[in-house]
Every structure is written in C-alpha cells, then in structure tokens.
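Visitor: I am sharing coords08.cif, which consists of mmCIF, C-alpha atoms:
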```
data_entry
loop_
_atom_site.label_atom_id
_atom_site.label_comp_id
_atom_site.auth_asym_id
_atom_site.auth_seq_id
_atom_site.Cartn_x
_atom_site.Cartn_y
_atom_site.Cartn_z
CA MET A 279 77.56 -16.25 -31.44
CA SER A 280 75.96 -13.06 -32.55
CA PHE A 281 72.50 -11.59 -32.71
CA ARG A 282 70.74 -11.11 -35.97
CA VAL A 283 70.81 -7.51 -37.13
CA THR A 284 67.04 -7.33 -37.00
CA HIS A 285 66.89 -7.97 -33.25
CA GLU A 286 64.39 -5.62 -31.63
CA LEU A 287 67.14 -4.20 -29.43
CA HIS A 288 69.04 -3.11 -32.51
CA GLN A 289 65.98 -1.31 -33.78
CA ARG A 290 65.71 0.66 -30.55
CA ARG A 291 69.39 1.54 -30.64
CA ARG A 292 69.07 2.51 -34.27
CA SER A 293 66.15 4.79 -33.48
CA ARG A 294 68.22 6.42 -30.73
CA ASN A 295 71.25 6.93 -32.95
CA LEU A 296 69.13 8.26 -35.76
CA GLY A 297 67.25 10.56 -33.38
CA VAL A 298 70.42 11.99 -31.86
CA GLY A 299 71.89 12.44 -35.34
CA LEU A 300 68.84 14.32 -36.54
CA VAL A 301 68.79 16.50 -33.41
CA LEU A 302 72.45 17.42 -33.97
CA ALA A 303 71.84 18.15 -37.65
CA ALA A 304 68.84 20.31 -36.73
CA PHE A 305 70.92 22.13 -34.10
CA ILE A 306 73.59 22.98 -36.68
CA ALA A 307 70.95 24.15 -39.16
CA ILE A 308 69.30 26.34 -36.50
CA ILE A 309 72.53 28.00 -35.40
CA PHE A 310 73.49 28.60 -39.03
CA GLY A 311 70.04 29.96 -39.86
CA LEU A 312 70.04 32.23 -36.80
CA THR A 313 73.47 33.58 -37.73
CA VAL A 314 72.29 34.37 -41.25
CA ALA A 315 69.08 35.97 -39.94
CA LYS A 316 70.95 38.08 -37.37
CA VAL A 317 73.65 39.24 -39.76
CA SER A 318 71.22 40.10 -42.56
CA SER A 319 68.84 41.98 -40.25
CA GLY A 320 71.64 44.32 -39.18
CA ASP A 321 71.80 43.24 -35.54
CA PHE A 322 75.55 43.06 -35.88
CA VAL A 323 77.19 46.05 -37.51
CA ALA A 324 80.72 45.41 -38.73
CA THR A 325 83.33 47.91 -37.56
CA GLN A 326 84.47 50.16 -40.42
CA PRO A 327 88.22 50.41 -41.16
CA GLN A 328 88.05 54.18 -40.45
CA GLN A 329 86.62 53.51 -36.99
CA GLN A 330 89.35 50.99 -36.31
CA GLU A 331 91.92 53.64 -37.24
CA ASN A 332 90.33 56.15 -34.88
CA SER A 333 90.20 53.76 -32.00
CA ARG A 334 93.93 53.15 -32.11
CA MET B 271 79.45 -1.90 -28.64
CA SER B 272 79.63 -5.39 -30.10
CA ASP B 273 76.89 -7.97 -29.85
CA ALA B 274 79.12 -10.10 -27.64
CA SER B 275 78.77 -7.59 -24.80
CA TYR B 276 74.98 -7.74 -24.93
CA SER B 277 74.58 -10.04 -21.96
CA ILE B 278 76.79 -7.88 -19.76
CA THR B 279 75.59 -4.33 -20.34
CA ALA B 280 72.43 -4.18 -22.40
CA LYS B 281 69.01 -4.12 -20.85
CA ASP B 282 65.97 -5.69 -22.40
CA ASP B 283 64.04 -2.53 -21.67
CA GLU B 284 66.59 -0.20 -23.24
CA ALA B 285 65.05 3.10 -24.28
CA SER B 286 64.28 4.14 -27.82
CA PHE B 287 64.51 7.76 -28.95
CA GLY B 288 60.76 8.10 -28.40
CA ASP B 289 61.18 7.28 -24.70
CA TYR B 290 63.61 10.17 -24.28
CA PHE B 291 61.28 12.42 -26.22
CA ALA B 292 58.41 11.38 -23.92
CA LEU B 293 60.42 12.85 -21.01
CA LEU B 294 59.74 16.27 -22.48
CA LYS B 295 55.94 15.84 -22.07
CA PRO B 296 55.06 16.49 -25.72
CA ARG B 297 51.40 17.17 -24.99
CA VAL B 298 52.21 19.88 -22.48
CA MET B 299 54.80 21.18 -24.94
CA SER B 300 52.12 21.59 -27.61
CA LEU B 301 50.22 23.96 -25.29
CA VAL B 302 53.45 25.83 -24.58
CA VAL B 303 54.20 26.15 -28.30
CA PHE B 304 50.74 27.43 -29.12
CA THR B 305 50.44 30.00 -26.32
CA ALA B 306 54.01 31.25 -26.84
CA PHE B 307 53.26 31.54 -30.55
CA VAL B 308 50.18 33.67 -29.83
CA GLY B 309 52.17 35.83 -27.39
CA LEU B 310 54.86 36.38 -29.99
CA LEU B 311 52.48 37.20 -32.83
CA ALA B 312 50.16 39.39 -30.75
CA ALA B 313 53.12 41.59 -29.83
CA PRO B 314 53.32 44.86 -31.78
CA GLU B 315 56.81 44.17 -33.12
CA ASP B 316 58.00 42.57 -36.33
CA LEU B 317 60.40 39.75 -35.62
CA ASN B 318 62.40 38.01 -38.32
CA PRO B 319 60.30 34.86 -39.06
CA PHE B 320 63.22 32.50 -38.55
CA VAL B 321 64.19 34.18 -35.27
CA GLY B 322 60.53 33.92 -34.24
CA PHE B 323 60.49 30.23 -35.10
CA CYS B 324 63.66 29.67 -33.07
CA ALA B 325 62.24 31.62 -30.13
CA ILE B 326 59.18 29.36 -30.05
CA LEU B 327 61.39 26.28 -30.39
CA PHE B 328 63.64 27.33 -27.49
CA ILE B 329 60.63 28.14 -25.29
CA ALA B 330 59.23 24.68 -26.14
CA VAL B 331 62.56 23.00 -25.35
CA GLY B 332 62.72 24.90 -22.05
CA GLY B 333 59.20 23.67 -21.25
CA GLY B 334 60.27 20.13 -22.21
CA ALA B 335 63.35 20.39 -20.02
CA SER B 336 61.24 21.32 -17.00
CA GLY B 337 58.99 18.35 -17.84
CA ALA B 338 62.02 16.02 -17.73
CA LEU B 339 63.14 17.49 -14.39
CA ASN B 340 59.59 17.11 -13.08
CA MET B 341 59.59 13.42 -14.08
CA TRP B 342 63.00 12.93 -12.45
CA TRP B 343 61.79 14.35 -9.13
CA ASP B 344 58.31 12.79 -9.22
CA ALA B 345 59.32 9.27 -10.32
CA ASP B 346 58.25 7.86 -6.94
CA ILE B 347 54.66 9.12 -7.17
CA ASP B 348 54.47 8.51 -10.94
CA ARG B 349 54.96 4.80 -10.15
CA VAL B 350 51.85 4.82 -7.97
CA MET B 351 49.43 6.77 -10.16
CA LYS B 352 47.61 4.98 -12.97
CA ARG B 353 47.79 8.05 -15.22
CA THR B 354 51.59 8.31 -14.99
CA ARG B 355 52.70 4.70 -14.49
CA LYS B 356 53.79 4.28 -18.10
CA ARG B 357 56.07 7.32 -18.14
CA PRO B 358 59.68 6.52 -19.16
CA ILE B 359 61.18 6.44 -15.63
CA PRO B 360 58.53 4.38 -13.79
CA SER B 361 58.35 1.95 -16.71
CA GLY B 362 62.11 1.40 -16.39
CA LYS B 363 63.03 2.63 -19.87
CA VAL B 364 65.01 5.66 -18.74
CA THR B 365 66.91 6.08 -15.47
CA GLY B 366 66.33 9.03 -13.14
CA ASP B 367 69.93 10.19 -13.65
CA GLU B 368 69.45 10.27 -17.41
CA ALA B 369 66.30 12.34 -17.04
CA LEU B 370 68.13 14.74 -14.71
CA ALA B 371 71.03 15.11 -17.17
CA ILE B 372 68.72 15.68 -20.12
CA GLY B 373 66.60 18.16 -18.15
CA LEU B 374 69.55 20.22 -16.95
CA THR B 375 71.31 20.22 -20.32
CA LEU B 376 68.22 21.26 -22.25
CA SER B 377 67.40 23.93 -19.63
CA VAL B 378 70.80 25.59 -20.06
CA PHE B 379 70.72 25.29 -23.85
CA SER B 380 67.20 26.67 -24.21
CA VAL B 381 67.80 29.66 -21.92
CA VAL B 382 71.15 30.64 -23.47
CA LEU B 383 69.92 30.19 -27.02
CA LEU B 384 66.70 32.15 -26.41
CA TRP B 385 68.79 34.94 -24.91
CA LEU B 386 71.17 34.99 -27.90
CA ALA B 387 68.37 34.69 -30.46
CA THR B 388 66.15 37.39 -28.94
CA ASN B 389 67.04 39.27 -25.75
CA ALA B 390 68.26 38.83 -22.19
CA LEU B 391 64.85 39.53 -20.62
CA ALA B 392 63.23 36.67 -22.57
CA GLY B 393 66.07 34.33 -21.57
CA ALA B 394 65.71 35.36 -17.93
CA MET B 395 61.94 34.83 -18.07
CA LEU B 396 62.43 31.32 -19.45
CA ALA B 397 65.01 30.53 -16.76
CA PHE B 398 62.61 31.78 -14.09
CA THR B 399 59.77 29.69 -15.54
CA ILE B 400 61.87 26.51 -15.42
CA PHE B 401 62.98 27.34 -11.86
CA PHE B 402 59.41 28.08 -10.83
CA TYR B 403 58.00 24.86 -12.26
CA VAL B 404 60.78 22.57 -11.06
CA VAL B 405 61.79 24.03 -7.71
CA ILE B 406 58.82 26.06 -6.44
CA TYR B 407 56.05 23.82 -7.80
CA THR B 408 57.44 20.27 -8.23
CA MET B 409 59.92 20.11 -5.35
CA TRP B 410 58.25 22.33 -2.83
CA LEU B 411 54.55 23.07 -3.14
CA LYS B 412 53.11 20.12 -5.08
CA ARG B 413 53.40 17.80 -2.09
CA SER B 414 52.81 20.34 0.64
CA THR B 415 49.70 22.37 -0.22
CA PRO B 416 46.28 21.65 -1.71
CA GLN B 417 46.65 24.90 -3.66
CA ASN B 418 49.42 23.13 -5.66
CA ILE B 419 47.44 23.30 -8.88
CA VAL B 420 46.86 27.04 -8.53
CA ILE B 421 50.60 27.66 -8.15
CA GLY B 422 51.58 25.11 -10.80
CA GLY B 423 49.21 26.90 -13.16
CA ALA B 424 51.42 29.97 -13.00
CA ALA B 425 54.33 28.03 -14.54
CA GLY B 426 52.14 26.92 -17.42
CA ALA B 427 50.93 30.49 -17.90
CA PHE B 428 54.35 32.04 -18.57
CA PRO B 429 54.93 31.00 -22.24
CA PRO B 430 52.79 33.74 -23.86
CA VAL B 431 54.62 36.32 -21.72
CA ILE B 432 57.98 34.91 -22.84
CA GLY B 433 56.79 34.95 -26.46
CA TRP B 434 55.74 38.60 -26.15
CA VAL B 435 59.00 39.62 -24.43
CA ALA B 436 61.02 37.72 -27.06
CA ALA B 437 59.41 39.92 -29.72
CA THR B 438 59.42 43.26 -27.93
CA GLY B 439 62.18 43.09 -25.30
CA THR B 440 59.87 44.91 -22.88
CA MET B 441 57.00 44.18 -20.51
CA SER B 442 53.49 45.52 -20.84
CA ILE B 443 50.01 44.67 -19.56
CA GLU B 444 48.77 42.58 -22.54
CA PRO B 445 50.95 39.47 -22.06
CA TRP B 446 50.02 39.45 -18.38
CA LEU B 447 46.36 39.28 -19.38
CA MET B 448 47.22 36.13 -21.35
CA PHE B 449 49.11 34.89 -18.30
CA ALA B 450 46.07 35.53 -16.11
CA LEU B 451 43.81 33.67 -18.52
CA THR B 452 45.87 30.46 -18.39
CA PHE B 453 46.53 30.90 -14.67
CA MET B 454 42.82 31.13 -13.79
CA TRP B 455 41.90 28.36 -16.25
CA THR B 456 44.27 25.76 -14.79
CA PRO B 457 42.54 25.08 -11.44
CA PRO B 458 39.04 24.24 -12.76
CA HIS B 459 40.66 22.21 -15.55
CA PHE B 460 42.74 20.08 -13.18
CA TRP B 461 40.20 19.82 -10.39
CA ALA B 462 37.69 18.38 -12.86
CA LEU B 463 40.35 15.81 -13.78
CA ALA B 464 40.97 15.09 -10.09
CA LEU B 465 37.25 14.44 -9.59
CA PHE B 466 37.10 11.62 -12.13
CA MET B 467 40.66 10.26 -11.74
CA ARG B 468 39.54 9.56 -8.24
CA ASN B 469 42.02 7.36 -6.46
CA ASP B 470 45.20 8.41 -8.23
CA TYR B 471 46.15 11.37 -6.07
CA ASP B 472 44.95 9.66 -2.88
CA ASP B 473 47.24 6.69 -3.55
CA ALA B 474 50.21 8.91 -4.30
CA GLY B 475 49.66 11.05 -1.21
CA VAL B 476 49.63 14.29 -3.22
CA PRO B 477 47.53 16.80 -1.24
CA MET B 478 45.04 17.42 -4.01
CA LEU B 479 42.05 19.51 -3.03
CA THR B 480 39.84 16.43 -3.43
CA VAL B 481 41.94 14.65 -0.79
CA THR B 482 42.47 17.43 1.74
CA HIS B 483 39.21 19.36 1.60
CA GLY B 484 36.90 16.76 0.17
CA ARG B 485 35.09 16.42 -3.09
CA ARG B 486 32.22 18.77 -2.15
CA SER B 487 34.70 21.57 -1.52
CA THR B 488 36.41 20.84 -4.86
CA ARG B 489 33.09 21.29 -6.66
CA VAL B 490 32.62 24.67 -4.94
CA HIS B 491 36.17 25.67 -5.86
CA ILE B 492 35.57 24.78 -9.52
CA LEU B 493 32.48 27.00 -9.61
CA VAL B 494 34.16 29.97 -7.88
CA TYR B 495 37.25 29.81 -10.10
CA THR B 496 35.11 29.48 -13.22
CA ILE B 497 33.12 32.61 -12.29
CA LEU B 498 36.36 34.55 -11.73
CA LEU B 499 37.78 33.15 -14.97
CA ALA B 500 34.69 34.16 -16.93
CA ALA B 501 34.89 37.73 -15.61
CA LEU B 502 38.56 37.91 -16.56
CA ALA B 503 38.15 36.29 -19.98
CA ILE B 504 35.23 38.51 -21.00
CA GLY B 505 36.88 41.60 -19.48
CA THR B 506 39.97 40.94 -21.61
CA GLY B 507 37.72 41.39 -24.63
CA PHE B 508 37.61 45.14 -23.91
CA THR B 509 41.38 45.58 -23.69
CA ALA B 510 44.00 46.07 -26.41
CA LEU B 511 44.16 42.28 -26.87
CA GLY B 512 40.46 41.93 -27.55
CA GLY B 513 38.03 42.87 -30.27
CA PRO B 514 34.69 41.68 -31.66
CA VAL B 515 35.95 38.21 -32.64
CA TYR B 516 37.56 37.62 -29.26
CA LEU B 517 34.58 38.98 -27.33
CA ALA B 518 32.08 36.81 -29.23
CA THR B 519 34.25 33.72 -28.63
CA ALA B 520 34.68 34.56 -24.96
CA VAL B 521 30.97 35.17 -24.33
CA VAL B 522 29.92 31.85 -25.92
CA LEU B 523 32.62 29.72 -24.36
CA ASN B 524 32.33 31.24 -20.90
CA ALA B 525 28.58 30.71 -20.95
CA ILE B 526 29.14 27.01 -21.77
CA PHE B 527 31.89 26.76 -19.16
CA LEU B 528 29.78 28.41 -16.46
CA VAL B 529 26.89 26.05 -17.15
CA GLY B 530 29.30 23.10 -16.84
CA ALA B 531 30.72 24.39 -13.57
CA TRP B 532 27.21 24.99 -12.22
CA LYS B 533 26.22 21.41 -13.08
CA ILE B 534 29.33 20.06 -11.35
CA PHE B 535 28.46 22.18 -8.31
CA ARG B 536 24.90 20.85 -8.19
CA ARG B 537 25.89 17.18 -8.39
CA ASP B 538 26.92 14.93 -5.55
CA GLU B 539 29.06 11.81 -5.59
CA ALA B 540 26.13 9.43 -6.03
CA MET B 541 24.94 11.28 -9.12
CA SER B 542 28.47 11.38 -10.57
CA GLU B 543 29.09 7.72 -9.96
CA ALA B 544 25.76 6.82 -11.56
CA ASP B 545 26.90 8.12 -14.95
CA ASN B 546 30.65 7.57 -14.43
CA PHE B 547 31.40 11.29 -14.07
CA ALA B 548 29.99 12.17 -17.48
CA VAL B 549 29.51 15.86 -16.61
CA GLU B 550 32.98 16.19 -15.08
CA ARG B 551 34.58 14.47 -18.07
CA ARG B 552 32.69 16.73 -20.47
CA PHE B 553 33.75 19.82 -18.51
CA PHE B 554 37.37 18.66 -18.74
CA ARG B 555 37.13 18.17 -22.51
CA ILE B 556 35.48 21.58 -22.95
CA SER B 557 38.24 23.16 -20.87
CA LEU B 558 40.79 22.08 -23.49
CA ILE B 559 38.77 23.67 -26.29
CA TYR B 560 38.15 26.72 -24.07
CA LEU B 561 41.80 27.70 -23.72
CA PHE B 562 42.65 26.88 -27.32
CA ALA B 563 39.76 28.96 -28.67
CA HIS B 564 40.56 31.99 -26.51
CA PHE B 565 44.17 32.08 -27.67
CA LEU B 566 43.10 31.44 -31.24
CA ALA B 567 40.74 34.43 -31.00
CA ILE B 568 43.60 36.61 -29.70
CA LEU B 569 45.64 35.43 -32.68
CA VAL B 570 42.81 36.24 -35.10
CA GLU B 571 42.50 39.75 -33.65
CA ALA B 572 46.25 40.25 -34.05
CA ALA B 573 46.11 39.00 -37.65
CA LEU B 574 43.13 41.27 -38.45
CA ARG B 575 45.00 44.21 -36.99
CA LEU B 576 47.55 43.83 -39.78
CA TYR B 577 44.75 44.74 -42.19
CA GLY B 578 43.42 47.52 -39.98
CA LEU B 579 40.44 45.42 -38.87
CA GLY B 580 41.23 43.89 -35.47
CA GLY B 581 40.53 45.33 -32.05
CA TRP B 582 38.08 48.11 -31.22
CA ALA B 583 39.76 50.96 -33.05
#
```
Is it possible to express this structure as structure tokens?
Guide:
Amino acid sequence: MSFRVTHELHQRRRSRNLGVGLVLAAFIAIIFGLTVAKVSSGDFVATQPQQQENSR
Amino acid sequence: MSDASYSITAKDDEASFGDYFALLKPRVMSLVVFTAFVGLLAAPEDLNPFVGFCAILFIAVGGGASGALNMWWDADIDRVMKRTRKRPIPSGKVTGDEALAIGLTLSVFSVVLLWLATNALAGAMLAFTIFFYVVIYTMWLKRSTPQNIVIGGAAGAFPPVIGWVAATGTMSIEPWLMFALTFMWTPPHFWALALFMRNDYDDAGVPMLTVTHGRRSTRVHILVYTILLAALAIGTGFTALGGPVYLATAVVLNAIFLVGAWKIFRRDEAMSEADNFAVERRFFRISLIYLFAHFLAILVEAALRLYGLGGWA
C-alpha cells in the first residue's frame, strides 16, 4: 500500500524541502555576492610579491 | 523516508515551511527591517549597496531568531492567550526543541555574518539585542514586572542603532534618538492593545499593567508616556536627524496621538465597553502609522540631504 503522491502531507513536505533548498541557494548567493563586493571595494588588499620577499 | 513508514513516524500536523517561517515573527521582522534600513541610510557613510542589503537581512534574521527563541520560552503562555494560540508551537506544528534549535542557529549565523559583512561593533550590538530580548525581557522581566513592555521596547528599538553602526562602525547621538523614539513609542502602543485584548494577559498570568495596577492606571500611563514621546519626537526635529519635512510630520502626528491619548484618559470602562473600545483600537492603529511615518520622514530628510536640501543647514 502506498499513498497517492498528491496527499496533503506530501505537499507540506515538498514545501519544506523546497523552502530549505531555496534558503541554501540564497545563502550561497549572498556569501558569493558579499565576497565579490568586499574584494572589489578594496577591503582586502592582496599582499604584493615584493612585500612577501621583505617579510621573509 | 518511504510512504510505508508514514504510520510510524509522520504526524498529521507536520509543519510546512511557512510554519517554520512563522517562528521568526514576520510582522515584527518587517518593523525591524524598516527601522534598520532607515538607520543605515540616515548614517553619513556610503556603504556598498549589496553589503547594505546583507546587513539589513542579517539584522532581520537576528530579529527573527530572537522571535523563535521567544516562542520557545513562551509556549506555555502562548497556549492560553487568544492572540497567540495559533502560533506554530501551541498549535502543535513545530516542537519547542525545533524552535530552540532554529533560534540558536540563526542567532549565531546572523551575528557572525553581520560582523563579517560590516564590522565587529555591529555584530556585537546584534548579539546584545538578541540576548536582551530573549534573556532579559522574555525569560526574566516579562513575567516578573508590570514594566515589562517598557523594557521589551528597548529590544525593539535597537535595529536602527545597529543599522547606523553597520554603516559607520562608530556610535553617535543620532541613532540613539531613533532608539529613544521607538523605546518611548512602545508602551502606549502595547498598553492600548492590552486595554482592548482584555482577558488575554489576565488568563496567562503575565503581569501586564492592566492586571497589576488596574485599567485606570494604564490609561494614565498611556497619557504620560504619550506626552513624553511627543516632546521627544518633536525635539528630534531640531537635531541633525530632523528638518522641515520631519518636523511637519512630527507636529501633525503627535497632535493626533496626544488627542487620542487624552480621549483614552478621559474614558472609563463603561464608556469603552459601550463602543467596544473604538477609541483604544483607533489609537492602536494610529500608533502603527505614527512610528512608520516618523522613520519615513527621517529617511526623506536623509535622501534630501544627498541633494543638499535636507536638514536645517
């Protein structure tokens, strides 16, 4: 015996799975976007090869 | 999980995604988003728009997390009160443990991400706000003092300060004026609600002012707080946050609010019951517009400043 796919319980589970999936996708997009924004606004300055030499 | 295991583990009242989202108190979150947004934009610093968007999002998630923790702790009284009976935990959709896990996880995520996206001070402010709302207000003072609303109002007043600090990385007087505005607005707003949601707090045993000091005293409190609020709101019009647009808004709205508070003060229970608390309900509705309009006016002044028009200069 099995339930029909359209059972109301399946709809609720589907909404949960979809919701969690979208939240995760949004989280990835936000972290990526933040990284791009931070790097392009000069918050992180890459160490120059010359400086690396000097620090040795 | 296969369908065959349905009878063993599944519940008929299993939660949907919306039930988990409801844990975050979306309506409260909308106020948090708006006031934090105003705090961020009123600050005299240019923030990358995407970083600004993320800052508002993380502040909102932090506010939502404290809402979930509040629902976890208050599930027992939420079951009793008509207003809160349909919340996810009392209705049996979400368990208390789930709410606790979601609240704690989102708290940590929001604080760390706000810190990384903006600065440590903003992250610390958000952490303190969550702590204040959950531990100081919900766990400690809500059930032990009739001034619970006054103290709880402070938690709701922090978002514009966090927004400002996220943009500037420093403290100054202006965001605290926005804090004071929300802080002073909360008591009359909630006490009006307590007057017409009459039996809820009595049944739950929450020491609301209406229960401990009586309804007459609550009416006096509403009037006194509204007078203090009006002085503060209009006074703010002459500071760096204000300007002609803000001052005009504040004068009109505070006049309406004061008249409402005066009417509530003049009425007794018989009069209120005769028209089913029409004046109190109207005052409550106006209070929502009141706060929104004041923050909107601050936002307008900040926007005008970009074109050299806002403020008094």
Visitor: How many Å separate atom CA of Asp348 of chain B from atom CA of Leu370 of chain B?
Guide: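 About the pair atom CA of Asp348 of chain B and atom CA of Leu370 of chain B: they are 15.5 Å apart.
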Visitor: Can you work out the spacing between atom CA of Gly422 of chain B and atom CA of Ile400 of chain B in Å, to one decimal?
Guide: 11.4 Å
Visitor: List the spatial neighbours of segment 297-303 of chain A as a ChimeraX atom specification - criterion: any atom at most 12 Å away, only C-alpha atoms, same-chain residues fewer than 6 positions off excluded.
Guide: /A:289-291,309-310 /B:285-291
Visitor: Keeping only C-alpha atoms, take the residues you just selected and write them out as a PDB file, in the frame of the given file.
Guide:
```pdb
ATOM      1  CA  GLN A 289      65.980  -1.310 -33.780  1.00  0.00           C
ATOM      2  CA  ARG A 290      65.710   0.660 -30.550  1.00  0.00           C
ATOM      3  CA  ARG A 291      69.390   1.540 -30.640  1.00  0.00           C
ATOM      4  CA  ILE A 309      72.530  28.000 -35.400  1.00  0.00           C
ATOM      5  CA  PHE A 310      73.490  28.600 -39.030  1.00  0.00           C
TER       6      PHE A 310
ATOM      7  CA  ALA B 285      65.050   3.100 -24.280  1.00  0.00           C
ATOM      8  CA  SER B 286      64.280   4.140 -27.820  1.00  0.00           C
ATOM      9  CA  PHE B 287      64.510   7.760 -28.950  1.00  0.00           C
ATOM     10  CA  GLY B 288      60.760   8.100 -28.400  1.00  0.00           C
ATOM     11  CA  ASP B 289      61.180   7.280 -24.700  1.00  0.00           C
ATOM     12  CA  TYR B 290      63.610  10.170 -24.280  1.00  0.00           C
ATOM     13  CA  PHE B 291      61.280  12.420 -26.220  1.00  0.00           C
TER      14      PHE B 291
END
```
Visitor: Work out how far apart atom CA of Val570 of chain B and atom CA of Phe320 of chain B are and give it in Å to one decimal.
Guide: 21.0 Å
Visitor: Just say which residues the PyMOL selection byres ((chain A) within 8 of (chain B)) picks in this file, as a PyMOL selection string.
Guide: chain A and resi 279-281+287+290-291+293-295+297-298+308+311-312+315+319
Visitor: Run the PyMOL selection byres ((chain B and resi 491) around 9) mentally over the shown coordinates, then write out the matched residues as a ChimeraX atom specification, using the chain letters and numbers from the document.
Guide: /B:457-458,461,479,486-490,492-496,535
Visitor: Identify all residues satisfying the PyMOL selection byres ((chain B and resi 293) around 10) in the given file; provide them as number ranges by chain.
Guide: B: 288-292, 294-296, 334-342, 357-359, 364, 369, 372-373
Visitor: Scan for residues within 12 Å of the point (49.1, 7.7, -5.6) in the coordinates of the file, using only C-alpha atoms, and reply as a list in words.
Guide: Asp344, Ala345, Asp346, Ile347, Asp348, Arg349, Val350, Met351, Lys352, Arg353, Thr354, Arg355, Arg413, Ala464, Met467, Arg468, Asn469, Asp470, Tyr471, Asp472, Asp473, Ala474, Gly475, Val476, Pro477, Met478 and Val481 of chain B
Visitor: Selected residues, C-alpha atoms, written as a PDB file, in the coordinates of the input, please.
Guide:
```
ATOM      1  CA  ASP B 344      58.310  12.790  -9.220  1.00  0.00           C
ATOM      2  CA  ALA B 345      59.320   9.270 -10.320  1.00  0.00           C
ATOM      3  CA  ASP B 346      58.250   7.860  -6.940  1.00  0.00           C
ATOM      4  CA  ILE B 347      54.660   9.120  -7.170  1.00  0.00           C
ATOM      5  CA  ASP B 348      54.470   8.510 -10.940  1.00  0.00           C
ATOM      6  CA  ARG B 349      54.960   4.800 -10.150  1.00  0.00           C
ATOM      7  CA  VAL B 350      51.850   4.820  -7.970  1.00  0.00           C
ATOM      8  CA  MET B 351      49.430   6.770 -10.160  1.00  0.00           C
ATOM      9  CA  LYS B 352      47.610   4.980 -12.970  1.00  0.00           C
ATOM     10  CA  ARG B 353      47.790   8.050 -15.220  1.00  0.00           C
ATOM     11  CA  THR B 354      51.590   8.310 -14.990  1.00  0.00           C
ATOM     12  CA  ARG B 355      52.700   4.700 -14.490  1.00  0.00           C
ATOM     13  CA  ARG B 413      53.400  17.800  -2.090  1.00  0.00           C
ATOM     14  CA  ALA B 464      40.970  15.090 -10.090  1.00  0.00           C
ATOM     15  CA  MET B 467      40.660  10.260 -11.740  1.00  0.00           C
ATOM     16  CA  ARG B 468      39.540   9.560  -8.240  1.00  0.00           C
ATOM     17  CA  ASN B 469      42.020   7.360  -6.460  1.00  0.00           C
ATOM     18  CA  ASP B 470      45.200   8.410  -8.230  1.00  0.00           C
ATOM     19  CA  TYR B 471      46.150  11.370  -6.070  1.00  0.00           C
ATOM     20  CA  ASP B 472      44.950   9.660  -2.880  1.00  0.00           C
ATOM     21  CA  ASP B 473      47.240   6.690  -3.550  1.00  0.00           C
ATOM     22  CA  ALA B 474      50.210   8.910  -4.300  1.00  0.00           C
ATOM     23  CA  GLY B 475      49.660  11.050  -1.210  1.00  0.00           C
ATOM     24  CA  VAL B 476      49.630  14.290  -3.220  1.00  0.00           C
ATOM     25  CA  PRO B 477      47.530  16.800  -1.240  1.00  0.00           C
ATOM     26  CA  MET B 478      45.040  17.420  -4.010  1.00  0.00           C
ATOM     27  CA  VAL B 481      41.940  14.650  -0.790  1.00  0.00           C
TER      28      VAL B 481
END
```
Visitor: If you count only C-alpha atoms, which residues fall within 9 Å of Val331 of chain B, apart from same-chain ones fewer than 6 positions away, as a list in words?
Guide: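 Contacts, in chain order: Leu294, Met299, Leu376, Ser377, Phe379 and Ser380 of chain B.
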Visitor: List the residues sitting within 12 Å of (46.9, 32.1, -35.9) in the file's frame, using all atoms listed in the file, as a PyMOL selection string.
Guide: chain B and resi 304-312+562-574
